[in-house]
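S.K.: Can you read through this structure? Questions will come right after.
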Amino acid sequence: MRMLPDADPTALADSDKVLADLDLAVPGVNRTFDVHDPATGQTIAQVPDFDVQQALDAVARADEAGRSWAATTTRHRADVLRTWYELILQNAETIALLITREMGKPLAEARGEVSYGADFVRWYAEEAVRPGGNFRDAPAGGARLLTRRAPVGLSVLITPWNFPLAMATRKIAPALAAGCPAVIKPAPNTPLTAIFAVQLAVAAGVPEDLVQVVNTTDAPAFSTAVLADPRVRKVSFTGSTGVGKALLHLAADNVLKSSMELGGNAPLLVFDDADLERAVDGAFAAKMRNGGQSCIAANRILVQDGIADAFVEALTERLAAVEVGNGLAARVDVGPVIDHRAVTRLSGLVEDATRRGAHLLTGGSAPSHPGTFFEPTLLDHVPADADLARTEIFGPVAAIQRFSRQDEAIARANDTEHGLAGYVFTENLDRAFNVADQLATGMVGINQGVPSNAAAPFGGIKQSGLGREGSSEGLEEYEEVRYYNLSLRQTS
Ligand code: NAD
């Protein structure tokens with residue numbers, strides 16, 4: 001059995017104190033569910049578990065608070081968001097410890113998520129005062145046409161567990177900037193960070209009831225009831241494609257404005273003319289960030305024949321040197337995967353690929369441990385029909401396929417119903433743009449393994465989603481266009 005590094009005692013004691021100090025109580029919600037530390041399996045908190053009526057009561061409170069928020073000036077909203085941003089930074093270590101305890105990622109990565117998550121709040125503090133709008137003359141004359149942007153209304157925000165802070169701020173900040181109240185339902189594995197972040201928002205001046213955090217173990221009952229409520233006007237979801245489709249069906253009944261950030265199956269293309277070191281660094285980051293549990297993680301690494309041997313050797317070396325263990329350990333690169341189901345799924349994917357002829361070059365198994373860990377794994381010569389080439393791996397498993405021609409690589413890259421992110425590594429500028437233009441994805445990293453940025457529109461095409469988060473496009477998701485026709489008569 002491989003020994004995995006345990007938590008550093010000081011970091012563990014600090015995080016225990018953060019957990020003990022958390023105020024989780026919600027008046028009137030007495031049922032609770034357990035939250036676990038995936039690095040140890042231990043219960044770390046008990047969180048109020050809303051039933052349907054309690055969720056609808058939260059909708060009512062947010063709706064009430066939203067009336068005066070919509071009437072505030074954009075300058076006021078910007079100032080409150082800026083204060084929230086500063087409070088997040090002041091509490092960065094507390095938030096990072098919470099993220100690591102409930103989600104598992106190494107503390108250094110959790111700190112990175114705090115700064116990434118805070119960036120959305122700062123960005124929308126800046127965007128709040130630029131809601132946009134338009135003015136034009138009617139082509140046939142006789143009128144001036146004006147548009148302005150108004151808040152869409154009560155927004156239901158549903159987030160996954162892989163980025164407990166950033167997925168929440170990426171939705172809450174633009175909703176508040178646009179003038180909307182919100183009900184956020186975090187994933188039940190990782191509710192703590194969102195609860196704390198919203199408490200900071202209230203400390204920053206967000207009205208107490210404006211953002212309701214509703215945690216529940218019955219997500220289908222929650223969405224069925226809440227999306228049918230006439231006070232709700234918007235749903236923004238980040239998570240798996242299957243759940244996204246179910247939510248779109250529910251949203252149809254009330255014709256809700258819908259944003260869907262769904263699953264990916266990102267291709268990462270390495271051409272013979274790539275810089276080897278840059279490509280290995282980029283592929284490593286695109287695969288291993290968050291232990292591979294990212295919707296834009298490189299799912300299929302397609303490498304051209306001329307560079308493939310050198311690339312595979314270098315990436316295998318990098319993966320074999322990765323230190324796996326408790327995210328609070330002093331030197332750890334990759335933490336646990338989220339739960340036992342993930343371990344079983346990853347083992348099954350590796351088994352299926354090797355049975356179909358893939359070569360296992362490093363890793364491949366789950367170390368025996370009370371926590372839920374999986375070894376960084378590299379499989380070469382993965383057949384295109386292997387399960388892990390067709391589904392989202394969502395773990396530290398790199399799957400390499402080889403190709404000879406650019407058109408063949410693009411055809412394989414696009415042979416999926418997903419279209420979130422893609423990556424291209426080449427030192428040839430013409431090839432970089434040609435390939436980026438032909439990849440059927442919403443985002444392309446060019447010689448870059450981590451394309452996310454609060455100032456950029458994050459989102460997918462095909463079954464990877466609808467709408468964008470971040471950038472000015474992310475604000476529009478919480479706005480609706482109002483148009484005024486101003487009649488204009490000639491005077492003399
Ligand atoms: P998931 O779809 O299982 O759950 C996401 C959220 O939806 C959780 O809060 C969950 O409780 C909730 N949920 C589940 N069923 C629901 C229902 N019927 N009604 C309402 N809510 C429901 O996904 P996950 O396992 O938490 O996250 C991993 C998935 O998220 C992956 O597919 C990943 O690609 C995707 N993801 C996408 C993006 C993106 O921006 N496109 C970002 C991060 C994660």
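Naming works like this for the structure tokens: A, B, ... for the chains as they're shown, residue 1 at the start of each chain, ligands 1 onward in shown order.
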With only C-alpha atoms counted and 12 Å as the cut-off, give the residues of segment 116-208 of chain A in contact with segment 314-337 of chain A, each with its shortest interatomic distance in Å and the pair that gives it, as JSON lines.
M.R.:
{"residue": "A:Trp161", "atom": "CA", "partner": "A:Val337", "partner_atom": "CA", "distance": 11.0}
{"residue": "A:Asn162", "atom": "CA", "partner": "A:Val337", "partner_atom": "CA", "distance": 9.7}
{"residue": "A:Asn189", "atom": "CA", "partner": "A:Val337", "partner_atom": "CA", "distance": 11.8}
S.K.: At a cut-off of 7 Å and counting only C-alpha atoms and all ligand atoms, what residues surround ligand 1? Please answer as a tab-separated table (two decimals) with N, CA, C and O atoms, in the first residue's frame.
M.R.:
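Output (result_38.tsv):
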chain	number	residue	atom	x	y	z
A	158	ILE	N	-27.55	27.23	-9.47
A	158	ILE	CA	-27.25	25.87	-8.99
A	158	ILE	C	-25.81	25.55	-9.37
A	158	ILE	O	-25.43	25.66	-10.54
A	159	THR	N	-25.01	25.19	-8.37
A	159	THR	CA	-23.56	25.06	-8.60
A	159	THR	C	-23.04	23.66	-8.27
A	159	THR	O	-23.61	22.95	-7.45
A	160	PRO	N	-21.92	23.27	-8.91
A	160	PRO	CA	-21.32	21.96	-8.66
A	160	PRO	C	-20.29	22.05	-7.52
A	160	PRO	O	-20.04	23.13	-6.98
A	161	TRP	N	-19.65	20.92	-7.23
A	161	TRP	CA	-18.75	20.85	-6.07
A	161	TRP	C	-17.30	21.16	-6.43
A	161	TRP	O	-16.47	21.31	-5.54
A	162	ASN	N	-16.95	21.22	-7.72
A	162	ASN	CA	-15.52	21.22	-8.04
A	162	ASN	C	-14.80	22.55	-7.79
A	162	ASN	O	-13.62	22.56	-7.50
A	163	PHE	N	-15.54	23.67	-7.88
A	163	PHE	CA	-14.97	24.98	-7.50
A	163	PHE	C	-15.99	25.65	-6.58
A	163	PHE	O	-16.80	26.48	-7.04
A	185	LYS	N	-28.26	27.26	-4.78
A	185	LYS	CA	-28.22	25.91	-4.23
A	185	LYS	C	-26.86	25.29	-4.56
A	185	LYS	O	-26.60	24.88	-5.68
A	186	PRO	N	-25.95	25.26	-3.57
A	186	PRO	CA	-24.65	24.64	-3.82
A	186	PRO	C	-24.79	23.11	-3.87
A	186	PRO	O	-25.82	22.56	-3.48
A	187	ALA	N	-23.73	22.45	-4.33
A	187	ALA	CA	-23.72	20.98	-4.32
A	187	ALA	C	-23.67	20.51	-2.87
A	187	ALA	O	-23.00	21.12	-2.04
A	188	PRO	N	-24.35	19.41	-2.55
A	188	PRO	CA	-24.38	18.96	-1.15
A	188	PRO	C	-23.01	18.51	-0.63
A	188	PRO	O	-22.79	18.51	0.58
A	219	ALA	N	-32.43	17.55	-4.55
A	219	ALA	CA	-32.30	18.55	-5.62
A	219	ALA	C	-33.46	18.48	-6.62
A	219	ALA	O	-33.98	19.53	-7.02
A	220	PRO	N	-33.91	17.28	-7.04
A	220	PRO	CA	-35.02	17.26	-8.01
A	220	PRO	C	-36.29	17.91	-7.46
A	220	PRO	O	-36.96	18.67	-8.17
A	222	PHE	N	-36.43	20.22	-5.19
A	222	PHE	CA	-36.13	21.65	-5.12
A	222	PHE	C	-36.37	22.31	-6.48
A	222	PHE	O	-37.11	23.29	-6.60
A	223	SER	N	-35.76	21.74	-7.52
A	223	SER	CA	-35.84	22.42	-8.82
A	223	SER	C	-37.26	22.36	-9.38
A	223	SER	O	-37.73	23.32	-9.98
A	238	THR	N	-24.59	25.22	-13.34
A	238	THR	CA	-23.31	24.64	-13.74
A	238	THR	C	-23.28	23.21	-13.22
A	238	THR	O	-23.46	23.00	-12.01
A	239	GLY	N	-23.06	22.27	-14.11
A	239	GLY	CA	-23.03	20.88	-13.69
A	239	GLY	C	-23.08	19.97	-14.90
A	239	GLY	O	-22.70	20.37	-16.01
A	240	SER	N	-23.58	18.77	-14.69
A	240	SER	CA	-23.52	17.77	-15.76
A	240	SER	C	-24.59	18.04	-16.83
A	240	SER	O	-25.63	18.65	-16.55
A	241	THR	N	-24.32	17.56	-18.02
A	241	THR	CA	-25.23	17.80	-19.15
A	241	THR	C	-26.61	17.18	-18.89
A	241	THR	O	-27.64	17.79	-19.19
A	242	GLY	N	-26.64	16.00	-18.28
A	242	GLY	CA	-27.93	15.33	-18.02
A	242	GLY	C	-28.82	16.18	-17.13
A	242	GLY	O	-30.01	16.38	-17.43
A	243	VAL	N	-28.27	16.68	-16.04
A	243	VAL	CA	-29.07	17.51	-15.13
A	243	VAL	C	-29.45	18.82	-15.82
A	243	VAL	O	-30.59	19.30	-15.70
A	244	GLY	N	-28.53	19.37	-16.60
A	244	GLY	CA	-28.84	20.61	-17.34
A	244	GLY	C	-30.05	20.43	-18.25
A	244	GLY	O	-30.92	21.30	-18.32
A	246	ALA	N	-32.49	18.29	-17.87
A	246	ALA	CA	-33.70	18.18	-17.03
A	246	ALA	C	-34.15	19.57	-16.58
A	246	ALA	O	-35.35	19.88	-16.58
A	247	LEU	N	-33.19	20.43	-16.24
A	247	LEU	CA	-33.55	21.78	-15.79
A	247	LEU	C	-34.12	22.61	-16.94
A	247	LEU	O	-35.04	23.41	-16.75
A	261	GLU	N	-24.01	25.89	-17.98
A	261	GLU	CA	-22.58	25.59	-18.11
A	261	GLU	C	-22.45	24.10	-17.84
A	261	GLU	O	-22.46	23.67	-16.68
A	262	LEU	N	-22.33	23.31	-18.89
A	262	LEU	CA	-22.48	21.86	-18.73
A	262	LEU	C	-21.15	21.12	-18.94
A	262	LEU	O	-20.08	21.72	-18.93
A	263	GLY	N	-21.24	19.85	-19.13
A	263	GLY	CA	-20.04	19.01	-19.18
A	263	GLY	C	-19.20	19.25	-20.43
A	263	GLY	O	-19.65	19.83	-21.42
A	264	GLY	N	-17.95	18.82	-20.37
A	264	GLY	CA	-17.04	18.96	-21.51
A	264	GLY	C	-16.38	17.63	-21.85
A	264	GLY	O	-16.56	16.63	-21.15
A	294	SER	N	-12.25	19.12	-13.55
A	294	SER	CA	-12.63	20.42	-14.09
A	294	SER	C	-13.34	20.16	-15.41
A	294	SER	O	-12.98	19.24	-16.16
A	295	CYS	N	-14.35	21.00	-15.68
A	295	CYS	CA	-15.14	20.78	-16.90
A	295	CYS	C	-14.30	21.05	-18.15
A	295	CYS	O	-14.63	20.57	-19.22
A	392	GLU	N	-16.76	12.17	-19.96
A	392	GLU	CA	-15.93	13.08	-19.17
A	392	GLU	C	-15.19	12.25	-18.11
A	392	GLU	O	-15.82	11.57	-17.29
A	420	LEU	N	-17.03	22.39	-25.08
A	420	LEU	CA	-16.73	23.42	-24.08
A	420	LEU	C	-15.37	24.06	-24.39
A	420	LEU	O	-15.31	25.15	-24.92
A	458	PHE	N	-16.73	32.64	-20.53
A	458	PHE	CA	-16.56	31.20	-20.32
A	458	PHE	C	-17.86	30.51	-20.70
A	458	PHE	O	-18.93	30.87	-20.22
A	459	GLY	N	-17.79	29.48	-21.54
A	459	GLY	CA	-19.00	28.75	-21.87
A	459	GLY	C	-18.80	27.88	-23.08
A	459	GLY	O	-17.77	27.94	-23.76
A	460	GLY	N	-19.80	27.05	-23.34
A	460	GLY	CA	-19.65	26.05	-24.38
A	460	GLY	C	-20.68	26.15	-25.48
A	460	GLY	O	-21.64	26.93	-25.39
A	464	SER	N	-22.58	21.40	-24.48
A	464	SER	CA	-21.85	21.92	-23.32
A	464	SER	C	-22.50	23.17	-22.75
A	464	SER	O	-22.01	23.70	-21.75
A	465	GLY	N	-23.54	23.65	-23.39
A	465	GLY	CA	-24.26	24.70	-22.70
A	465	GLY	C	-24.80	25.84	-23.52
A	465	GLY	O	-24.65	25.90	-24.74
S.K.: Could you name the residues that touch segment 395-398 of chain A at 10 Å or less, counting only C-alpha atoms, but leaving out those on the same chain fewer than 3 positions away, as a short mmCIF file (atom, residue, chain, number, x, y, z; two decimals) with N, CA, C and O atoms, in the first residue's frame?
M.R.:
data_model
loop_
_atom_site.label_atom_id
_atom_site.label_comp_id
_atom_site.auth_asym_id
_atom_site.auth_seq_id
_atom_site.Cartn_x
_atom_site.Cartn_y
_atom_site.Cartn_z
N ALA A 283 -0.27 20.71 -21.13
CA ALA A 283 -1.09 19.50 -21.00
C ALA A 283 -1.18 19.09 -19.53
O ALA A 283 -2.26 18.69 -19.05
N PHE A 284 -0.08 19.22 -18.82
CA PHE A 284 -0.08 18.86 -17.39
C PHE A 284 -1.09 19.76 -16.65
O PHE A 284 -1.90 19.27 -15.87
N ALA A 286 -3.60 21.51 -17.94
CA ALA A 286 -4.97 21.31 -18.43
C ALA A 286 -5.55 19.99 -17.92
O ALA A 286 -6.76 19.85 -17.80
N LYS A 287 -4.68 19.03 -17.64
CA LYS A 287 -5.17 17.74 -17.16
C LYS A 287 -5.27 17.70 -15.64
O LYS A 287 -6.25 17.23 -15.08
N MET A 288 -4.25 18.23 -14.95
CA MET A 288 -4.14 17.95 -13.52
C MET A 288 -4.68 19.03 -12.60
O MET A 288 -4.79 18.82 -11.40
N ARG A 289 -4.97 20.23 -13.15
CA ARG A 289 -5.56 21.26 -12.28
C ARG A 289 -6.81 20.68 -11.64
O ARG A 289 -7.61 20.01 -12.29
N ASN A 290 -6.94 20.91 -10.33
CA ASN A 290 -8.10 20.41 -9.61
C ASN A 290 -8.19 18.88 -9.64
O ASN A 290 -9.27 18.31 -9.61
N GLY A 291 -7.04 18.22 -9.77
CA GLY A 291 -7.03 16.76 -9.83
C GLY A 291 -7.78 16.23 -11.04
O GLY A 291 -8.29 15.10 -11.03
N GLY A 292 -7.85 17.04 -12.09
CA GLY A 292 -8.57 16.61 -13.30
C GLY A 292 -10.07 16.80 -13.20
O GLY A 292 -10.81 16.50 -14.14
N GLN A 293 -10.54 17.34 -12.06
CA GLN A 293 -11.99 17.48 -11.84
C GLN A 293 -12.44 18.87 -12.27
O GLN A 293 -12.90 19.68 -11.47
N SER A 294 -12.25 19.12 -13.55
CA SER A 294 -12.63 20.42 -14.09
C SER A 294 -13.34 20.16 -15.41
O SER A 294 -12.98 19.24 -16.16
N ALA A 297 -11.04 20.26 -18.27
CA ALA A 297 -9.85 19.40 -18.21
C ALA A 297 -9.63 18.73 -19.56
O ALA A 297 -10.58 18.35 -20.25
N ALA A 298 -8.34 18.59 -19.94
CA ALA A 298 -8.01 17.91 -21.20
C ALA A 298 -8.47 16.46 -21.10
O ALA A 298 -7.91 15.68 -20.32
N ASN A 299 -9.49 16.11 -21.84
CA ASN A 299 -10.07 14.77 -21.73
C ASN A 299 -9.45 13.81 -22.73
O ASN A 299 -9.26 12.64 -22.45
N ARG A 300 -9.14 14.36 -23.92
CA ARG A 300 -8.51 13.54 -24.97
C ARG A 300 -7.29 14.30 -25.44
O ARG A 300 -7.40 15.38 -26.02
N ILE A 301 -6.12 13.74 -25.19
CA ILE A 301 -4.88 14.40 -25.60
C ILE A 301 -4.44 13.76 -26.92
O ILE A 301 -4.10 12.57 -26.96
N LEU A 315 5.56 13.64 -20.30
CA LEU A 315 4.34 13.77 -19.50
C LEU A 315 4.24 12.62 -18.48
O LEU A 315 3.81 12.83 -17.34
N THR A 316 4.66 11.43 -18.90
CA THR A 316 4.64 10.30 -17.98
C THR A 316 5.54 10.59 -16.77
O THR A 316 5.16 10.34 -15.62
N LEU A 319 3.83 13.03 -14.46
CA LEU A 319 2.72 12.46 -13.69
C LEU A 319 3.24 11.51 -12.62
O LEU A 319 2.70 11.45 -11.51
N VAL A 334 -1.72 16.79 -5.71
CA VAL A 334 -3.07 16.35 -6.06
C VAL A 334 -3.74 15.78 -4.83
O VAL A 334 -3.15 14.95 -4.12
N GLY A 335 -4.94 16.23 -4.55
CA GLY A 335 -5.70 15.74 -3.40
C GLY A 335 -6.57 14.55 -3.78
O GLY A 335 -6.36 13.92 -4.82
N PRO A 336 -7.56 14.26 -2.94
CA PRO A 336 -8.47 13.16 -3.23
C PRO A 336 -9.43 13.51 -4.37
O PRO A 336 -9.59 14.69 -4.69
N VAL A 337 -10.07 12.50 -4.96
CA VAL A 337 -11.22 12.78 -5.81
C VAL A 337 -12.43 12.89 -4.89
O VAL A 337 -12.34 12.61 -3.69
N ILE A 338 -13.57 13.34 -5.42
CA ILE A 338 -14.63 13.83 -4.55
C ILE A 338 -15.28 12.73 -3.68
O ILE A 338 -15.60 12.96 -2.53
N ALA A 342 -16.58 8.28 -7.58
CA ALA A 342 -15.57 8.76 -8.54
C ALA A 342 -14.43 7.74 -8.65
O ALA A 342 -13.94 7.45 -9.76
N VAL A 343 -14.03 7.16 -7.52
CA VAL A 343 -12.94 6.16 -7.55
C VAL A 343 -13.38 4.95 -8.39
O VAL A 343 -12.65 4.47 -9.27
N ARG A 345 -15.66 4.83 -10.69
CA ARG A 345 -15.82 5.22 -12.10
C ARG A 345 -14.46 5.27 -12.80
O ARG A 345 -14.28 4.74 -13.89
N LEU A 346 -13.47 5.89 -12.12
CA LEU A 346 -12.14 6.02 -12.74
C LEU A 346 -11.51 4.64 -12.93
O LEU A 346 -10.91 4.36 -13.98
N SER A 347 -11.63 3.77 -11.93
CA SER A 347 -11.07 2.41 -12.06
C SER A 347 -11.70 1.73 -13.27
O SER A 347 -11.01 1.07 -14.07
N LEU A 349 -13.02 3.10 -15.95
CA LEU A 349 -12.58 3.71 -17.22
C LEU A 349 -11.19 3.20 -17.61
O LEU A 349 -10.91 2.90 -18.78
N VAL A 350 -10.29 3.10 -16.61
CA VAL A 350 -8.92 2.64 -16.89
C VAL A 350 -8.97 1.17 -17.34
O VAL A 350 -8.32 0.78 -18.31
N THR A 362 1.72 4.82 -16.35
CA THR A 362 1.93 5.11 -14.92
C THR A 362 0.58 5.18 -14.23
O THR A 362 -0.44 5.46 -14.86
N GLY A 363 0.58 4.89 -12.93
CA GLY A 363 -0.65 4.97 -12.13
C GLY A 363 -1.61 3.84 -12.45
O GLY A 363 -1.20 2.71 -12.69
N GLY A 364 -2.90 4.16 -12.37
CA GLY A 364 -3.91 3.18 -12.80
C GLY A 364 -4.75 2.63 -11.66
O GLY A 364 -5.76 1.99 -11.90
N PHE A 373 -8.91 8.42 -3.02
CA PHE A 373 -7.79 8.86 -3.85
C PHE A 373 -7.69 8.02 -5.13
O PHE A 373 -8.13 6.87 -5.16
N PHE A 374 -7.10 8.63 -6.15
CA PHE A 374 -6.80 7.88 -7.38
C PHE A 374 -5.44 8.34 -7.89
O PHE A 374 -5.16 9.55 -7.90
N GLU A 375 -4.61 7.39 -8.29
CA GLU A 375 -3.26 7.75 -8.74
C GLU A 375 -3.29 8.52 -10.05
O GLU A 375 -4.06 8.15 -10.96
N PRO A 376 -2.42 9.53 -10.19
CA PRO A 376 -2.24 10.14 -11.51
C PRO A 376 -1.84 9.06 -12.50
O PRO A 376 -0.94 8.25 -12.22
N THR A 377 -2.55 9.04 -13.61
CA THR A 377 -2.46 7.90 -14.53
C THR A 377 -2.24 8.39 -15.94
O THR A 377 -2.80 9.41 -16.34
N LEU A 378 -1.42 7.67 -16.69
CA LEU A 378 -1.28 8.00 -18.11
C LEU A 378 -1.50 6.75 -18.95
O LEU A 378 -0.88 5.71 -18.71
N LEU A 379 -2.38 6.87 -19.92
CA LEU A 379 -2.65 5.78 -20.87
C LEU A 379 -2.31 6.28 -22.26
O LEU A 379 -2.78 7.33 -22.68
N ASP A 380 -1.48 5.50 -22.96
CA ASP A 380 -1.11 5.87 -24.33
C ASP A 380 -1.86 4.95 -25.30
O ASP A 380 -2.34 3.88 -24.90
N VAL A 382 -4.74 5.20 -26.66
CA VAL A 382 -6.13 4.95 -26.26
C VAL A 382 -6.99 4.87 -27.51
O VAL A 382 -7.00 5.80 -28.32
N LEU A 388 -13.30 6.11 -21.93
CA LEU A 388 -12.76 7.38 -21.43
C LEU A 388 -12.49 8.39 -22.54
O LEU A 388 -12.23 9.56 -22.25
N GLU A 392 -16.76 12.17 -19.96
CA GLU A 392 -15.93 13.08 -19.17
C GLU A 392 -15.19 12.25 -18.11
O GLU A 392 -15.82 11.57 -17.29
#
S.K.: What are the closest atom pairs, with distances in Å to one decimal, for each residue of segment 196-242 of chain A lying within 7 Å of segment 57-76 of chain A, using only C-alpha atoms, rows by chain and rising residue number, as a tab-separated table?
M.R.:
residue	atom	partner	partner_atom	distance
A:Asp209	CA	A:Ala62	CA	5.4
A:Leu210	CA	A:Ala62	CA	4.7
A:Val211	CA	A:Ala62	CA	6.2
A:Gln212	CA	A:Ala58	CA	6.1
A:Arg231	CA	A:Asp63	CA	6.9
S.K.: At a cut-off of 9 Å, can you tabulate as a Markdown table every residue of segment 212-314 of chain A near segment 165-184 of chain A together with its closest atom pair and the distance in Å to one decimal, using only C-alpha atoms and ordering rows by chain then number?
M.R.:
| residue | atom | partner | partner_atom | distance |
| --- | --- | --- | --- | --- |
| A:Gln212 | CA | A:Val183 | CA | 4.6 |
| A:Val213 | CA | A:Ile184 | CA | 5.0 |
| A:Val214 | CA | A:Ile184 | CA | 6.0 |
| A:Asn215 | CA | A:Ile184 | CA | 8.2 |
| A:Ser236 | CA | A:Lys171 | CA | 7.4 |
| A:Phe237 | CA | A:Lys171 | CA | 9.0 |
| A:Thr238 | CA | A:Met167 | CA | 7.5 |
S.K.: Export C-alpha atoms of the chosen residues as a PDB file, in the first residue's frame?
M.R.:
ATOM      1  CA  GLN A 212     -30.633  32.973  -0.077  1.00  0.00           C
ATOM      2  CA  VAL A 213     -28.422  29.911   0.306  1.00  0.00           C
ATOM      3  CA  VAL A 214     -30.636  26.842   0.092  1.00  0.00           C
ATOM      4  CA  ASN A 215     -28.949  23.532   0.764  1.00  0.00           C
ATOM      5  CA  SER A 236     -28.270  29.525 -14.098  1.00  0.00           C
ATOM      6  CA  PHE A 237     -26.824  26.041 -13.744  1.00  0.00           C
ATOM      7  CA  THR A 238     -23.312  24.638 -13.744  1.00  0.00           C
TER       8      THR A 238
END
S.K.: Report as a PyMOL selection string all protein, DNA and RNA residues lying within 12 Å of Gly141 of chain A, evaluated on only C-alpha atoms, omitting residues in the same chain fewer than 2 positions from it.
M.R.: chain A and resi 136-139+143-145+485-490
S.K.: Would you output that residue set with C-alpha atoms, as a tab-separated table (two decimals), in the first residue's frame?
M.R.:
chain	number	residue	atom	x	y	z
A	136	ARG	CA	-30.28	54.36	-33.20
A	137	ASP	CA	-32.36	56.23	-35.72
A	138	ALA	CA	-35.25	54.32	-37.28
A	139	PRO	CA	-34.10	53.52	-40.86
A	143	ALA	CA	-38.52	57.63	-34.66
A	144	ARG	CA	-35.56	57.22	-32.38
A	145	LEU	CA	-35.01	53.72	-31.04
A	485	ASN	CA	-39.69	53.82	-29.60
A	486	LEU	CA	-39.65	57.60	-29.44
A	487	SER	CA	-41.83	59.07	-32.16
A	488	LEU	CA	-40.22	62.06	-33.87
A	489	ARG	CA	-42.29	64.54	-35.93
A	490	GLN	CA	-40.76	67.18	-38.14
